[in-house]
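A.B. asks: My structure is stored as structure.pdb, with PDB, C-alpha atoms, pLDDT in the B column.
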```pdb
ATOM      1  CA  MET A  26     -92.962  94.777 -56.573  1.00 93.00           C
ATOM      2  CA  LYS A  27     -89.234  94.108 -56.221  1.00 94.00           C
ATOM      3  CA  TYR A  28     -87.457  91.209 -57.907  1.00 93.00           C
ATOM      4  CA  LEU A  29     -83.954  89.845 -57.474  1.00 90.00           C
ATOM      5  CA  LEU A  30     -82.377  88.823 -60.770  1.00 87.00           C
ATOM      6  CA  MET A  31     -79.350  86.548 -60.748  1.00 84.00           C
ATOM      7  CA  PHE A  32     -76.886  86.431 -63.632  1.00 80.00           C
ATOM      8  CA  VAL A  33     -75.752  82.808 -63.834  1.00 76.00           C
ATOM      9  CA  SER A  34     -72.836  81.371 -65.786  1.00 73.00           C
ATOM     10  CA  GLU A  35     -71.407  77.898 -66.202  1.00 66.00           C
ATOM     11  CA  THR A  36     -67.847  79.263 -66.273  1.00 62.00           C
ATOM     12  CA  GLU A  37     -65.919  81.829 -64.281  1.00 61.00           C
ATOM     13  CA  MET A  38     -65.106  85.017 -66.190  1.00 58.00           C
ATOM     14  CA  ASP A  39     -61.391  84.203 -66.058  1.00 57.00           C
ATOM     15  CA  GLN A  40     -62.152  80.911 -67.858  1.00 64.00           C
ATOM     16  CA  VAL A  41     -64.242  82.403 -70.685  1.00 66.00           C
ATOM     17  CA  GLY A  42     -61.381  82.627 -73.142  1.00 71.00           C
ATOM     18  CA  SER A  43     -59.701  85.489 -74.903  1.00 80.00           C
ATOM     19  CA  ARG A  44     -59.746  89.042 -73.624  1.00 80.00           C
ATOM     20  CA  SER A  45     -62.101  90.036 -76.455  1.00 86.00           C
ATOM     21  CA  GLU A  46     -64.560  87.292 -75.406  1.00 81.00           C
ATOM     22  CA  VAL A  47     -64.493  88.499 -71.794  1.00 77.00           C
ATOM     23  CA  GLU A  48     -64.992  92.113 -72.929  1.00 85.00           C
ATOM     24  CA  ALA A  49     -67.959  91.027 -75.086  1.00 86.00           C
ATOM     25  CA  VAL A  50     -69.623  89.345 -72.105  1.00 80.00           C
ATOM     26  CA  TYR A  51     -69.089  92.404 -69.892  1.00 80.00           C
ATOM     27  CA  ALA A  52     -70.411  94.657 -72.675  1.00 89.00           C
ATOM     28  CA  ARG A  53     -73.665  92.648 -72.820  1.00 87.00           C
ATOM     29  CA  ILE A  54     -74.056  92.781 -69.041  1.00 82.00           C
ATOM     30  CA  GLY A  55     -73.193  96.494 -68.966  1.00 85.00           C
ATOM     31  CA  GLY A  56     -75.733  97.159 -71.711  1.00 89.00           C
ATOM     32  CA  TRP A  57     -78.418  95.433 -69.663  1.00 84.00           C
ATOM     33  CA  PHE A  58     -77.601  97.521 -66.565  1.00 84.00           C
ATOM     34  CA  ASP A  59     -77.508 100.719 -68.672  1.00 88.00           C
ATOM     35  CA  ARG A  60     -80.886  99.987 -70.291  1.00 86.00           C
ATOM     36  CA  TYR A  61     -82.725  99.112 -67.079  1.00 84.00           C
ATOM     37  CA  GLY A  62     -80.969 101.784 -65.061  1.00 83.00           C
ATOM     38  CA  ALA A  63     -82.147 104.398 -67.573  1.00 83.00           C
ATOM     39  CA  ALA A  64     -85.675 102.946 -67.386  1.00 86.00           C
ATOM     40  CA  GLY A  65     -85.708 103.760 -63.664  1.00 86.00           C
ATOM     41  CA  VAL A  66     -86.428 100.224 -62.481  1.00 89.00           C
ATOM     42  CA  LEU A  67     -82.951  99.216 -61.322  1.00 88.00           C
ATOM     43  CA  ARG A  68     -82.676  99.519 -57.540  1.00 91.00           C
ATOM     44  CA  GLY A  69     -79.259  97.966 -56.986  1.00 87.00           C
ATOM     45  CA  GLY A  70     -76.885  95.217 -57.929  1.00 87.00           C
ATOM     46  CA  GLU A  71     -73.296  94.100 -57.710  1.00 85.00           C
ATOM     47  CA  GLU A  72     -70.745  91.914 -59.430  1.00 82.00           C
ATOM     48  CA  LEU A  73     -69.808  89.075 -57.097  1.00 81.00           C
ATOM     49  CA  GLN A  74     -66.410  87.531 -56.489  1.00 82.00           C
ATOM     50  CA  PRO A  75     -65.711  84.182 -58.224  1.00 79.00           C
ATOM     51  CA  ALA A  76     -67.076  81.017 -56.562  1.00 75.00           C
ATOM     52  CA  ARG A  77     -63.510  79.883 -55.808  1.00 77.00           C
ATOM     53  CA  THR A  78     -63.278  82.720 -53.235  1.00 83.00           C
ATOM     54  CA  ALA A  79     -66.440  81.617 -51.395  1.00 81.00           C
ATOM     55  CA  THR A  80     -66.648  80.820 -47.713  1.00 83.00           C
ATOM     56  CA  THR A  81     -69.667  78.977 -46.343  1.00 82.00           C
ATOM     57  CA  VAL A  82     -71.016  79.244 -42.807  1.00 84.00           C
ATOM     58  CA  ASP A  83     -73.236  76.302 -41.759  1.00 84.00           C
ATOM     59  CA  LEU A  84     -75.481  77.093 -38.795  1.00 89.00           C
ATOM     60  CA  ALA A  85     -77.339  73.743 -38.743  1.00 87.00           C
ATOM     61  CA  GLY A  86     -75.339  72.219 -35.876  1.00 88.00           C
ATOM     62  CA  SER A  87     -74.710  73.312 -32.323  1.00 92.00           C
ATOM     63  CA  ALA A  88     -71.810  75.543 -33.392  1.00 93.00           C
ATOM     64  CA  PRO A  89     -71.162  77.380 -36.663  1.00 92.00           C
ATOM     65  CA  VAL A  90     -68.918  75.527 -39.114  1.00 88.00           C
ATOM     66  CA  VAL A  91     -66.882  77.668 -41.520  1.00 88.00           C
ATOM     67  CA  THR A  92     -65.728  76.003 -44.743  1.00 84.00           C
ATOM     68  CA  ASP A  93     -63.735  77.388 -47.641  1.00 80.00           C
ATOM     69  CA  GLY A  94     -65.575  77.175 -50.934  1.00 73.00           C
ATOM     70  CA  PRO A  95     -69.185  77.097 -52.052  1.00 66.00           C
ATOM     71  CA  PHE A  96     -71.642  75.028 -50.018  1.00 62.00           C
ATOM     72  CA  ILE A  97     -72.875  72.833 -52.857  1.00 60.00           C
ATOM     73  CA  GLU A  98     -71.301  71.333 -55.931  1.00 61.00           C
ATOM     74  CA  ALA A  99     -72.693  73.193 -58.896  1.00 64.00           C
ATOM     75  CA  LYS A 100     -71.899  73.607 -62.552  1.00 68.00           C
ATOM     76  CA  GLN A 101     -73.184  77.162 -62.463  1.00 70.00           C
ATOM     77  CA  SER A 102     -72.251  80.153 -60.369  1.00 74.00           C
ATOM     78  CA  ILE A 103     -73.888  83.505 -59.774  1.00 76.00           C
ATOM     79  CA  GLY A 104     -71.686  86.261 -61.136  1.00 77.00           C
ATOM     80  CA  ASN A 105     -73.923  89.299 -60.657  1.00 79.00           C
ATOM     81  CA  TYR A 106     -77.267  90.202 -59.218  1.00 85.00           C
ATOM     82  CA  ALA A 107     -79.685  93.062 -59.720  1.00 88.00           C
ATOM     83  CA  VAL A 108     -82.732  94.284 -57.851  1.00 91.00           C
ATOM     84  CA  VAL A 109     -85.477  95.759 -60.022  1.00 91.00           C
ATOM     85  CA  GLU A 110     -88.786  97.300 -59.030  1.00 92.00           C
ATOM     86  CA  VAL A 111     -91.632  97.007 -61.508  1.00 90.00           C
ATOM     87  CA  ALA A 112     -95.436  96.862 -61.408  1.00 91.00           C
ATOM     88  CA  ASP A 113     -95.606  93.090 -61.976  1.00 89.00           C
ATOM     89  CA  LEU A 114     -93.706  90.120 -63.357  1.00 86.00           C
ATOM     90  CA  ASP A 115     -94.781  90.903 -66.927  1.00 87.00           C
ATOM     91  CA  ALA A 116     -93.120  94.336 -66.742  1.00 84.00           C
TER      92      ALA A 116
END
```
In structure tokens, what does this structure look like?
C.D. replies:
Amino acid sequence: MKYLLMFVSETEMDQVGSRSEVEAVYARIGGWFDRYGAAGVLRGGEELQPARTATTVDLAGSAPVVTDGPFIEAKQSIGNYAVVEVADLDA
């Protein structure tokens, strides 16, 4: 079964703090990708652009409406995602 994992943060990486703090966060994320990639369950994933670069397309009306920025107000943003394939949720 495939699962989509989302890496969520309450701050953008450029707002984390010092360079060493940012490097520590990336090291933890990189370690996760290394571990699960080596286990053979990682099927894909990407780092996403910051929420401030988002563009939203709303298709609810009669014509598409394009808006700069994320669609909803949120304290959290998705920074990365990964697709894993494992036997079940426990794995």
A.B. asks: If I take atom CA of Val47 of chain A and atom CA of Tyr61 of chain A, how far is one from the other in Å, to one decimal?
C.D. replies: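 Atom CA of Tyr61 of chain A lies 21.6 Å from atom CA of Val47 of chain A.
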A.B. asks: Enumerate, as a VMD selection string, the residues matched when the PyMOL selection byres ((chain A and resi 69) around 9) is run on the file above.
C.D. replies: chain A and resid 67 to 68 70 to 71 106 to 109
A.B. asks: Using Å and a single decimal, report how far atom CA of Arg53 of chain A sits from atom CA of Leu30 of chain A.
C.D. replies: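 Atom CA of Arg53 of chain A lies 15.4 Å from atom CA of Leu30 of chain A.
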A.B. asks: In Å, how far is it from atom CA of Asp93 of chain A to atom CA of Arg77 of chain A?
C.D. replies: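 Atom-to-atom, atom CA of Asp93 of chain A to atom CA of Arg77 of chain A, that is 8.5 Å.
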A.B. asks: Please provide the set of residues having any atom within 8 Å of Gly94 of chain A, restricted to all atoms listed in the file, with same-chain residues fewer than 5 positions apart removed, written as a PyMOL selection string.
C.D. replies: chain A and resi 76-81
A.B. asks: Restricting the calculation to only C-alpha atoms, which member of A:Val33, A:Ala63, A:Val90, A:Ala52 is positioned closest to Asn105 of chain A?
C.D. replies: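 Distance minimum relative to Asn105 of chain A lands on A:Val33.
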A.B. asks: Choose the residue, out of A:Ser45, A:Asp59, A:Ala116, A:Ile54, that has the smallest atom-to-atom separation from Gly104 of chain A; count only C-alpha atoms.
C.D. replies: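 Ranking A:Ser45, A:Asp59, A:Ala116, A:Ile54 by distance to Gly104 of chain A, first place goes to A:Ile54.
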A.B. asks: Kindly indicate which residue among A:Leu114, A:Met26, A:Phe32, A:Ser87 lies nearest to Trp57 of chain A, using all atoms listed in the file for the distances.
C.D. replies: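 Checking each of A:Leu114, A:Met26, A:Phe32, A:Ser87 against Trp57 of chain A, counting all atoms listed in the file, the winner is A:Phe32.
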A.B. asks: Start from the incomplete input, build N, CA, C and O atoms for segment 40-53 of chain A, and deliver everything as a PDB file, in the frame of the given file.
C.D. replies:
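Output file selection-v3.pdb is given in full below:
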```
ATOM      1  N   GLN A  40     -62.247  82.128 -67.062  1.00 64.00           N
ATOM      2  CA  GLN A  40     -62.152  80.911 -67.858  1.00 64.00           C
ATOM      3  C   GLN A  40     -62.902  81.038 -69.176  1.00 64.00           C
ATOM      4  O   GLN A  40     -63.012  80.075 -69.922  1.00 64.00           O
ATOM      5  N   VAL A  41     -63.437  82.211 -69.477  1.00 66.00           N
ATOM      6  CA  VAL A  41     -64.242  82.403 -70.685  1.00 66.00           C
ATOM      7  C   VAL A  41     -63.409  82.226 -71.936  1.00 66.00           C
ATOM      8  O   VAL A  41     -63.841  81.613 -72.893  1.00 66.00           O
ATOM      9  N   GLY A  42     -62.224  82.746 -71.956  1.00 71.00           N
ATOM     10  CA  GLY A  42     -61.381  82.627 -73.142  1.00 71.00           C
ATOM     11  C   GLY A  42     -60.556  83.872 -73.333  1.00 71.00           C
ATOM     12  O   GLY A  42     -59.994  84.412 -72.388  1.00 71.00           O
ATOM     13  N   SER A  43     -60.534  84.340 -74.562  1.00 80.00           N
ATOM     14  CA  SER A  43     -59.701  85.489 -74.903  1.00 80.00           C
ATOM     15  C   SER A  43     -60.225  86.760 -74.248  1.00 80.00           C
ATOM     16  O   SER A  43     -61.374  86.844 -73.822  1.00 80.00           O
ATOM     17  N   ARG A  44     -59.366  87.746 -74.201  1.00 80.00           N
ATOM     18  CA  ARG A  44     -59.746  89.042 -73.624  1.00 80.00           C
ATOM     19  C   ARG A  44     -60.937  89.640 -74.366  1.00 80.00           C
ATOM     20  O   ARG A  44     -61.834  90.207 -73.753  1.00 80.00           O
ATOM     21  N   SER A  45     -60.977  89.478 -75.688  1.00 86.00           N
ATOM     22  CA  SER A  45     -62.101  90.036 -76.455  1.00 86.00           C
ATOM     23  C   SER A  45     -63.403  89.325 -76.116  1.00 86.00           C
ATOM     24  O   SER A  45     -64.469  89.950 -76.084  1.00 86.00           O
ATOM     25  N   GLU A  46     -63.353  88.017 -75.819  1.00 81.00           N
ATOM     26  CA  GLU A  46     -64.560  87.292 -75.406  1.00 81.00           C
ATOM     27  C   GLU A  46     -65.057  87.781 -74.049  1.00 81.00           C
ATOM     28  O   GLU A  46     -66.257  87.969 -73.842  1.00 81.00           O
ATOM     29  N   VAL A  47     -64.130  87.987 -73.121  1.00 77.00           N
ATOM     30  CA  VAL A  47     -64.493  88.499 -71.794  1.00 77.00           C
ATOM     31  C   VAL A  47     -65.095  89.895 -71.923  1.00 77.00           C
ATOM     32  O   VAL A  47     -66.131  90.205 -71.328  1.00 77.00           O
ATOM     33  N   GLU A  48     -64.472  90.759 -72.729  1.00 85.00           N
ATOM     34  CA  GLU A  48     -64.992  92.113 -72.929  1.00 85.00           C
ATOM     35  C   GLU A  48     -66.377  92.089 -73.552  1.00 85.00           C
ATOM     36  O   GLU A  48     -67.239  92.900 -73.200  1.00 85.00           O
ATOM     37  N   ALA A  49     -66.635  91.140 -74.465  1.00 86.00           N
ATOM     38  CA  ALA A  49     -67.959  91.027 -75.086  1.00 86.00           C
ATOM     39  C   ALA A  49     -69.023  90.645 -74.056  1.00 86.00           C
ATOM     40  O   ALA A  49     -70.137  91.177 -74.067  1.00 86.00           O
ATOM     41  N   VAL A  50     -68.678  89.742 -73.151  1.00 80.00           N
ATOM     42  CA  VAL A  50     -69.623  89.345 -72.105  1.00 80.00           C
ATOM     43  C   VAL A  50     -69.926  90.533 -71.199  1.00 80.00           C
ATOM     44  O   VAL A  50     -71.083  90.834 -70.898  1.00 80.00           O
ATOM     45  N   TYR A  51     -68.878  91.236 -70.758  1.00 80.00           N
ATOM     46  CA  TYR A  51     -69.089  92.404 -69.892  1.00 80.00           C
ATOM     47  C   TYR A  51     -69.870  93.501 -70.614  1.00 80.00           C
ATOM     48  O   TYR A  51     -70.672  94.200 -70.000  1.00 80.00           O
ATOM     49  N   ALA A  52     -69.666  93.644 -71.912  1.00 89.00           N
ATOM     50  CA  ALA A  52     -70.411  94.657 -72.675  1.00 89.00           C
ATOM     51  C   ALA A  52     -71.900  94.324 -72.681  1.00 89.00           C
ATOM     52  O   ALA A  52     -72.745  95.221 -72.523  1.00 89.00           O
ATOM     53  N   ARG A  53     -72.249  93.046 -72.847  1.00 87.00           N
ATOM     54  CA  ARG A  53     -73.665  92.648 -72.820  1.00 87.00           C
ATOM     55  C   ARG A  53     -74.275  92.913 -71.450  1.00 87.00           C
ATOM     56  O   ARG A  53     -75.391  93.424 -71.340  1.00 87.00           O
TER      57      ARG A  53
END
```
